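J.: Coordinates in work-v6.cif, mmCIF, C-alpha atoms and all ligand atoms, are listed below.
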```cif
data_input
loop_
_atom_site.label_atom_id
_atom_site.label_comp_id
_atom_site.auth_asym_id
_atom_site.auth_seq_id
_atom_site.Cartn_x
_atom_site.Cartn_y
_atom_site.Cartn_z
CA MET A 1 -8.99 12.47 13.29
CA ASP A 2 -11.31 13.28 10.39
CA GLN A 3 -14.28 11.33 9.21
CA LEU A 4 -13.61 9.09 6.24
CA ASP A 5 -16.27 9.10 3.52
CA MET A 6 -16.83 5.59 2.38
CA PHE A 7 -19.02 4.46 -0.49
CA ASN A 8 -21.26 1.41 -0.26
CA SER A 9 -20.83 1.04 3.48
CA GLU A 10 -20.86 2.75 6.86
CA PRO A 11 -18.50 5.72 7.32
CA VAL A 12 -15.38 4.72 9.22
CA GLN A 13 -12.74 6.67 11.10
CA ALA A 14 -9.39 6.92 9.44
CA PRO A 15 -6.25 8.26 11.06
CA GLU A 16 -5.24 11.57 9.52
CA PRO A 17 -1.95 13.42 9.87
CA GLU A 18 -1.97 16.21 12.40
CA ASN A 19 0.71 18.80 11.72
CA SER A 20 3.18 17.76 9.13
CA GLN A 21 6.88 17.99 9.89
CA TYR A 22 8.48 17.28 6.54
CA ALA A 23 9.03 19.83 3.82
CA SER A 24 9.99 17.33 1.15
CA LEU A 25 9.76 13.64 0.35
CA GLU A 26 13.55 13.35 0.42
CA GLU A 27 13.65 14.81 3.95
CA LEU A 28 11.01 12.33 5.08
CA LEU A 29 12.74 9.35 3.40
CA GLU A 30 16.05 10.33 4.99
CA THR A 31 14.40 10.48 8.43
CA ILE A 32 12.93 7.01 7.91
CA ARG A 33 16.29 5.66 6.68
CA GLN A 34 17.94 6.91 9.88
CA MET A 35 15.36 5.25 12.18
CA ASP A 36 16.95 3.14 14.87
CA ASP A 37 14.36 3.02 17.64
CA ASP A 38 11.40 1.61 15.73
CA PRO A 39 9.84 -1.58 17.11
CA LEU A 40 11.55 -3.77 14.50
CA ALA A 41 14.98 -2.15 14.81
CA THR A 42 16.18 -4.88 17.19
CA ALA A 43 15.29 -7.49 14.56
CA GLY A 44 18.30 -6.30 12.59
CA THR A 45 16.39 -6.29 9.29
CA ARG A 46 16.99 -3.34 7.02
CA ILE A 47 14.80 -0.33 6.31
CA VAL A 48 12.99 -0.72 2.99
CA ILE A 49 10.75 2.20 2.05
CA SER A 50 9.52 2.78 -1.47
CA ARG A 51 10.15 2.76 -5.19
CA GLY A 52 8.60 4.16 -8.36
CA ASN A 53 7.81 7.53 -9.82
CA THR A 54 7.36 10.25 -7.21
CA GLN A 55 5.12 12.11 -9.71
CA ALA A 56 2.80 9.11 -10.17
CA ARG A 57 -0.93 9.58 -9.57
CA LEU A 58 -1.32 5.97 -8.36
CA LEU A 59 0.12 4.93 -4.97
CA LEU A 60 0.15 1.30 -3.87
CA ILE A 61 0.60 0.28 -0.23
CA GLY A 62 1.56 -3.24 0.78
CA GLU A 63 2.35 -5.00 4.03
CA ALA A 64 6.04 -5.27 4.92
CA PRO A 65 9.24 -6.18 3.09
CA GLY A 66 9.92 -9.90 2.66
CA PRO A 67 13.28 -11.70 2.47
CA GLU A 68 14.07 -10.60 -1.09
CA GLU A 69 13.16 -6.97 -0.33
CA ASN A 70 15.33 -7.17 2.80
CA ILE A 71 18.26 -8.21 0.62
CA GLN A 72 17.72 -5.71 -2.21
CA GLY A 73 16.46 -2.79 -0.09
CA ARG A 74 13.52 -2.13 -2.44
CA PRO A 75 9.85 -3.05 -1.92
CA PHE A 76 8.03 -5.61 -4.06
CA VAL A 77 11.02 -7.07 -5.87
CA GLY A 78 10.34 -10.71 -4.92
CA ARG A 79 7.73 -13.15 -6.31
CA ALA A 80 4.75 -11.09 -5.11
CA GLY A 81 6.23 -7.96 -6.66
CA LYS A 82 6.83 -9.67 -9.99
CA LEU A 83 3.22 -10.87 -10.07
CA LEU A 84 2.03 -7.38 -9.16
CA ASP A 85 4.08 -5.86 -11.99
CA LYS A 86 2.49 -8.33 -14.45
CA ILE A 87 -1.04 -7.49 -13.27
CA LEU A 88 -0.35 -3.76 -13.56
CA GLN A 89 1.18 -4.16 -17.00
CA ALA A 90 -1.86 -6.15 -18.16
CA ALA A 91 -3.94 -3.07 -17.27
CA GLU A 92 -1.46 -0.88 -19.17
CA PHE A 93 0.24 0.63 -16.17
CA ASP A 94 4.01 0.95 -16.44
CA PRO A 95 5.35 -0.11 -12.99
CA ASP A 96 8.31 2.30 -13.31
CA GLU A 97 6.39 5.30 -14.68
CA ASP A 98 2.79 5.13 -13.50
CA ILE A 99 3.05 4.08 -9.88
CA TYR A 100 4.77 4.75 -6.58
CA ILE A 101 4.82 1.84 -4.14
CA THR A 102 5.48 1.54 -0.42
CA ASN A 103 4.58 -0.64 2.55
CA SER A 104 2.73 -0.26 5.86
CA VAL A 105 5.84 -1.37 7.78
CA PHE A 106 9.40 -0.58 6.73
CA ARG A 107 11.29 -3.58 8.06
CA MET A 108 10.70 -7.30 7.58
CA PRO A 109 9.30 -8.68 10.85
CA PRO A 110 11.49 -11.68 11.66
CA GLY A 111 9.80 -15.08 11.75
CA THR A 112 9.82 -17.72 14.44
CA ASP A 113 9.72 -21.52 14.27
CA GLY A 114 12.00 -21.67 11.26
CA LYS A 115 9.91 -19.19 9.25
CA ALA A 116 11.80 -16.33 7.54
CA PHE A 117 9.25 -13.67 8.47
CA ARG A 118 5.85 -13.06 10.05
CA LYS A 119 2.98 -10.63 9.60
CA PRO A 120 3.44 -7.30 11.39
CA GLY A 121 1.44 -6.81 14.57
CA ASN A 122 -0.99 -3.93 15.14
CA GLU A 123 1.41 -1.98 17.34
CA GLU A 124 4.10 -2.24 14.69
CA ILE A 125 1.69 -1.06 11.99
CA GLU A 126 0.61 1.85 14.20
CA TYR A 127 4.21 2.89 14.82
CA TYR A 128 4.98 3.30 11.09
CA ARG A 129 1.53 4.69 10.19
CA PRO A 130 2.37 8.41 10.62
CA TYR A 131 5.31 7.98 8.24
CA VAL A 132 3.16 6.17 5.70
CA ARG A 133 0.65 8.99 5.92
CA GLU A 134 3.41 11.51 5.33
CA ILE A 135 4.46 9.60 2.20
CA ILE A 136 0.84 9.81 1.03
CA ARG A 137 0.72 13.55 1.71
CA LEU A 138 3.97 14.24 -0.11
CA ILE A 139 3.29 12.01 -3.11
CA ASP A 140 -0.28 13.36 -3.22
CA PRO A 141 -1.76 10.60 -5.38
CA HIS A 142 -5.22 10.72 -6.93
CA VAL A 143 -5.77 7.00 -6.38
CA MET A 144 -4.42 4.62 -3.72
CA LEU A 145 -4.58 0.83 -3.61
CA LEU A 146 -4.37 -0.89 -0.25
CA MET A 147 -3.04 -4.40 -0.79
CA GLY A 148 -4.35 -6.74 1.89
CA ASN A 149 -5.48 -6.39 5.48
CA VAL A 150 -2.34 -4.83 6.92
CA ALA A 151 -2.60 -1.82 4.56
CA CYS A 152 -6.36 -1.60 5.20
CA TYR A 153 -5.70 -1.53 8.94
CA SER A 154 -3.01 1.11 8.54
CA ILE A 155 -4.98 3.50 6.34
CA LEU A 156 -8.65 2.73 6.93
CA GLY A 157 -8.40 1.43 10.49
CA GLN A 158 -10.31 -1.69 9.56
CA THR A 159 -9.74 -5.16 8.16
CA GLY A 160 -11.79 -7.71 6.21
CA ILE A 161 -10.21 -7.65 2.77
CA THR A 162 -12.71 -10.11 1.26
CA ARG A 163 -15.50 -7.67 2.16
CA LEU A 164 -13.56 -4.46 1.51
CA ARG A 165 -11.89 -5.28 -1.81
CA GLY A 166 -13.26 -3.61 -4.90
CA GLN A 167 -15.00 -0.81 -2.97
CA TRP A 168 -14.11 2.82 -3.44
CA PHE A 169 -13.44 4.95 -0.38
CA GLN A 170 -12.63 8.64 -0.38
CA GLN A 171 -10.19 10.31 1.98
CA GLN A 172 -9.04 13.92 1.60
CA GLY A 173 -10.15 13.95 -2.01
CA ARG A 174 -8.27 10.78 -2.87
CA TRP A 175 -9.85 7.63 -4.21
CA ILE A 176 -8.88 4.52 -2.28
CA MET A 177 -9.53 0.90 -3.17
CA PRO A 178 -8.57 -2.13 -1.06
CA ILE A 179 -7.42 -5.02 -3.25
CA PHE A 180 -6.02 -8.47 -2.52
CA HIS A 181 -2.33 -8.71 -1.69
CA PRO A 182 -0.39 -10.35 -4.55
CA SER A 183 1.02 -12.96 -2.09
CA TYR A 184 -2.56 -14.13 -1.53
CA LEU A 185 -2.88 -14.65 -5.29
CA LEU A 186 0.35 -16.67 -5.32
CA ARG A 187 -1.22 -18.97 -2.72
CA ASN A 188 -4.51 -19.14 -4.71
CA PRO A 189 -3.49 -19.49 -8.35
CA SER A 190 -6.90 -20.49 -9.81
CA LYS A 191 -8.24 -18.12 -12.45
CA ALA A 192 -11.79 -19.52 -12.29
CA PRO A 193 -14.69 -17.04 -12.16
CA GLY A 194 -15.03 -15.74 -8.59
CA SER A 195 -11.45 -16.76 -7.68
CA PRO A 196 -9.17 -14.19 -5.98
CA LYS A 197 -7.25 -13.77 -9.27
CA ALA A 198 -10.45 -13.13 -11.22
CA LEU A 199 -11.63 -10.63 -8.59
CA MET A 200 -8.25 -8.90 -8.60
CA TRP A 201 -8.50 -8.49 -12.34
CA GLU A 202 -12.00 -6.95 -11.97
CA ASP A 203 -10.61 -4.52 -9.39
CA ILE A 204 -7.61 -3.50 -11.46
CA ARG A 205 -9.88 -2.83 -14.44
CA GLU A 206 -11.97 -0.52 -12.21
CA VAL A 207 -8.78 1.26 -11.16
CA ARG A 208 -7.79 1.69 -14.81
CA LYS A 209 -11.23 3.23 -15.50
CA LYS A 210 -10.97 5.57 -12.53
CA ILE A 211 -7.51 6.80 -13.52
CA ASP A 212 -8.67 7.34 -17.11
CA GLU A 213 -11.73 9.24 -15.92
CA LEU A 214 -9.67 11.43 -13.57
CA SER A 215 -7.10 12.20 -16.25
CA LYS A 216 -9.87 13.57 -18.53
CA LYS A 217 -10.88 16.15 -15.90
N1 LIG A 301 5.02 -8.03 0.32
C1 LIG A 301 4.77 -6.78 0.73
O1 LIG A 301 3.72 -6.48 1.27
N2 LIG A 301 5.70 -5.86 0.52
C2 LIG A 301 6.84 -6.12 -0.09
O2 LIG A 301 7.63 -5.19 -0.26
C3 LIG A 301 7.08 -7.43 -0.52
C4 LIG A 301 6.16 -8.37 -0.31
#
```
Spell out the structure here as structure tokens.
T.:
Amino acid sequence: MDQLDMFNSEPVQAPEPENSQYASLEELLETIRQMDDDPLATAGTRIVISRGNTQARLLLIGEAPGPEENIQGRPFVGRAGKLLDKILQAAEFDPDEDIYITNSVFRMPPGTDGKAFRKPGNEEIEYYRPYVREIIRLIDPHVMLLMGNVACYSILGQTGITRLRGQWFQQQGRWIMPIFHPSYLLRNPSKAPGSPKALMWEDIREVRKKIDELSKK
């Protein structure tokens, strides 16, 4: 495990891939599609992996598929995904061209007590983590956005999105920023100064700046 360089805070440990097994993204995606002994396999929900442009320099990582993603087999196609697309478009990112998007967990964790789904647990996140890290390696983005605590736990090994959001981290030469999960914005629709939506907008503008700066180099 390498040391993660973090700006504005203490260095933290981040899990790093050891020896990679996959020669291509397609080989990796096919392996994930064939999974049948992962911790959520018995839930009977489908494998949902990623979408977007494999050449994109911006990689977004979310939590886990929800009910709509479980039906369509693509990540971020429900309400949270539509809001995310709007936010990205407002910062002049084309969601089909400029980004690649995946999740920390590749199946919807089934809910209890009448709920359709639940948050993934740490052991579930840890199980899928090596595959997520392989996606990162093979996409090789310049900038990554970790949406919410589950993605922060998976990639940075820490949580506390309210504290982490808007900070730049660096890992293996990549710029990483934790941001709020779009579902959190759906639950907190205020646009007042200091609101989650206003902070998200600040963060996305910083991301736009970073990508523009990097593309000049
Ligand atoms: N929320 C996520 O984190 N991922 C999805 O794919 C959909 C909703």
J.: Do you know which residues are within 6 Å of ligand LIG 301 (chain A) using all atoms listed in the file? Can you write them as a PyMOL selection string?
T.: chain A and resi 62-66+69+75-76+80+103
J.: Okay, now the selection with C-alpha atoms, as an mmCIF file, keeping the file's coordinate frame?
T.:
```cif
data_model
loop_
_atom_site.group_PDB
_atom_site.id
_atom_site.type_symbol
_atom_site.label_atom_id
_atom_site.label_comp_id
_atom_site.auth_asym_id
_atom_site.auth_seq_id
_atom_site.Cartn_x
_atom_site.Cartn_y
_atom_site.Cartn_z
ATOM 1 C CA GLY A 62 1.560 -3.240 0.780
ATOM 2 C CA GLU A 63 2.350 -5.000 4.030
ATOM 3 C CA ALA A 64 6.040 -5.270 4.920
ATOM 4 C CA PRO A 65 9.240 -6.180 3.090
ATOM 5 C CA GLY A 66 9.920 -9.900 2.660
ATOM 6 C CA GLU A 69 13.160 -6.970 -0.330
ATOM 7 C CA PRO A 75 9.850 -3.050 -1.920
ATOM 8 C CA PHE A 76 8.030 -5.610 -4.060
ATOM 9 C CA ALA A 80 4.750 -11.090 -5.110
ATOM 10 C CA ASN A 103 4.580 -0.640 2.550
#
```
J.: Quick one: residues within 10 Å of Ile101 of chain A, all atoms listed in the file counted, chain neighbours fewer than 6 positions away excluded, as a PyMOL selection string?
T.: chain A and resi 49-54+56+58-62+74-76+95+144-145
J.: With all atoms listed in the file as the atoms that count, which of A:Pro141, A:Ile87, A:Leu199, A:Lys217 lies nearest to Gln172 of chain A?
T.: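 Of A:Pro141, A:Ile87, A:Leu199, A:Lys217, the one nearest Gln172 of chain A is A:Pro141, counting all atoms listed in the file.
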J.: Have a look at A:Asn70, A:Ser215, A:Gln34, A:Gln21 and name the one nearest to Phe117 of chain A; count only C-alpha atoms.
T.: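 Of A:Asn70, A:Ser215, A:Gln34, A:Gln21, the one nearest Phe117 of chain A is A:Asn70, counting only C-alpha atoms.
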J.: Grab the atom CA of Ser154 of chain A to atom CA of Glu126 of chain A distance for me, in Å with one decimal place.
T.: 6.8 Å
J.: As an exercise, work out the distance from atom CA of Val105 of chain A to atom CA of Ser24 of chain A in Å and give it to one decimal place.
T.: 20.3 Å
J.: Rounded to one decimal place, report the atom CA of Lys82 of chain A-atom CA of Gln158 of chain A distance in Å.
T.: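 Computing it gives 27.2 Å between the two atoms.
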J.: With only C-alpha atoms as the basis for distance, which of A:Asn188, A:Leu138, A:Arg133, A:Val143 is at the shortest distance from Trp168 of chain A?
T.: A:Val143
J.: List the neighbours of Tyr127 of chain A out to 10 Å using only C-alpha atoms; skip same-chain residues closer than 2 positions along the sequence, and give me the result as a list in words.
T.: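 Result of the neighbour search: Asp38, Pro39, Leu40, Ser104, Val105, Asn122, Glu123, Glu124, Ile125, Arg129, Pro130, Tyr131, Val132 and Ser154 of chain A.
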J.: If you keep C-alpha atoms, can you produce a file of those selected residues as a PDB file, in the frame of the given file?
T.:
```pdb
ATOM      1  CA  ASP A  38      11.400   1.610  15.730  1.00  0.00           C
ATOM      2  CA  PRO A  39       9.840  -1.580  17.110  1.00  0.00           C
ATOM      3  CA  LEU A  40      11.550  -3.770  14.500  1.00  0.00           C
ATOM      4  CA  SER A 104       2.730  -0.260   5.860  1.00  0.00           C
ATOM      5  CA  VAL A 105       5.840  -1.370   7.780  1.00  0.00           C
ATOM      6  CA  ASN A 122      -0.990  -3.930  15.140  1.00  0.00           C
ATOM      7  CA  GLU A 123       1.410  -1.980  17.340  1.00  0.00           C
ATOM      8  CA  GLU A 124       4.100  -2.240  14.690  1.00  0.00           C
ATOM      9  CA  ILE A 125       1.690  -1.060  11.990  1.00  0.00           C
ATOM     10  CA  ARG A 129       1.530   4.690  10.190  1.00  0.00           C
ATOM     11  CA  PRO A 130       2.370   8.410  10.620  1.00  0.00           C
ATOM     12  CA  TYR A 131       5.310   7.980   8.240  1.00  0.00           C
ATOM     13  CA  VAL A 132       3.160   6.170   5.700  1.00  0.00           C
ATOM     14  CA  SER A 154      -3.010   1.110   8.540  1.00  0.00           C
TER      15      SER A 154
END
```
J.: Given the choices A:Lys191, A:Arg163, A:His142, A:Arg205, which gets closest to Arg57 of chain A if the distance is worked out from only C-alpha atoms?
T.: A:His142
J.: Between A:Ile135, A:Thr162, A:Gly81, A:His181, which one has atoms that come closest to Val150 of chain A, using all atoms listed in the file?
T.: A:His181
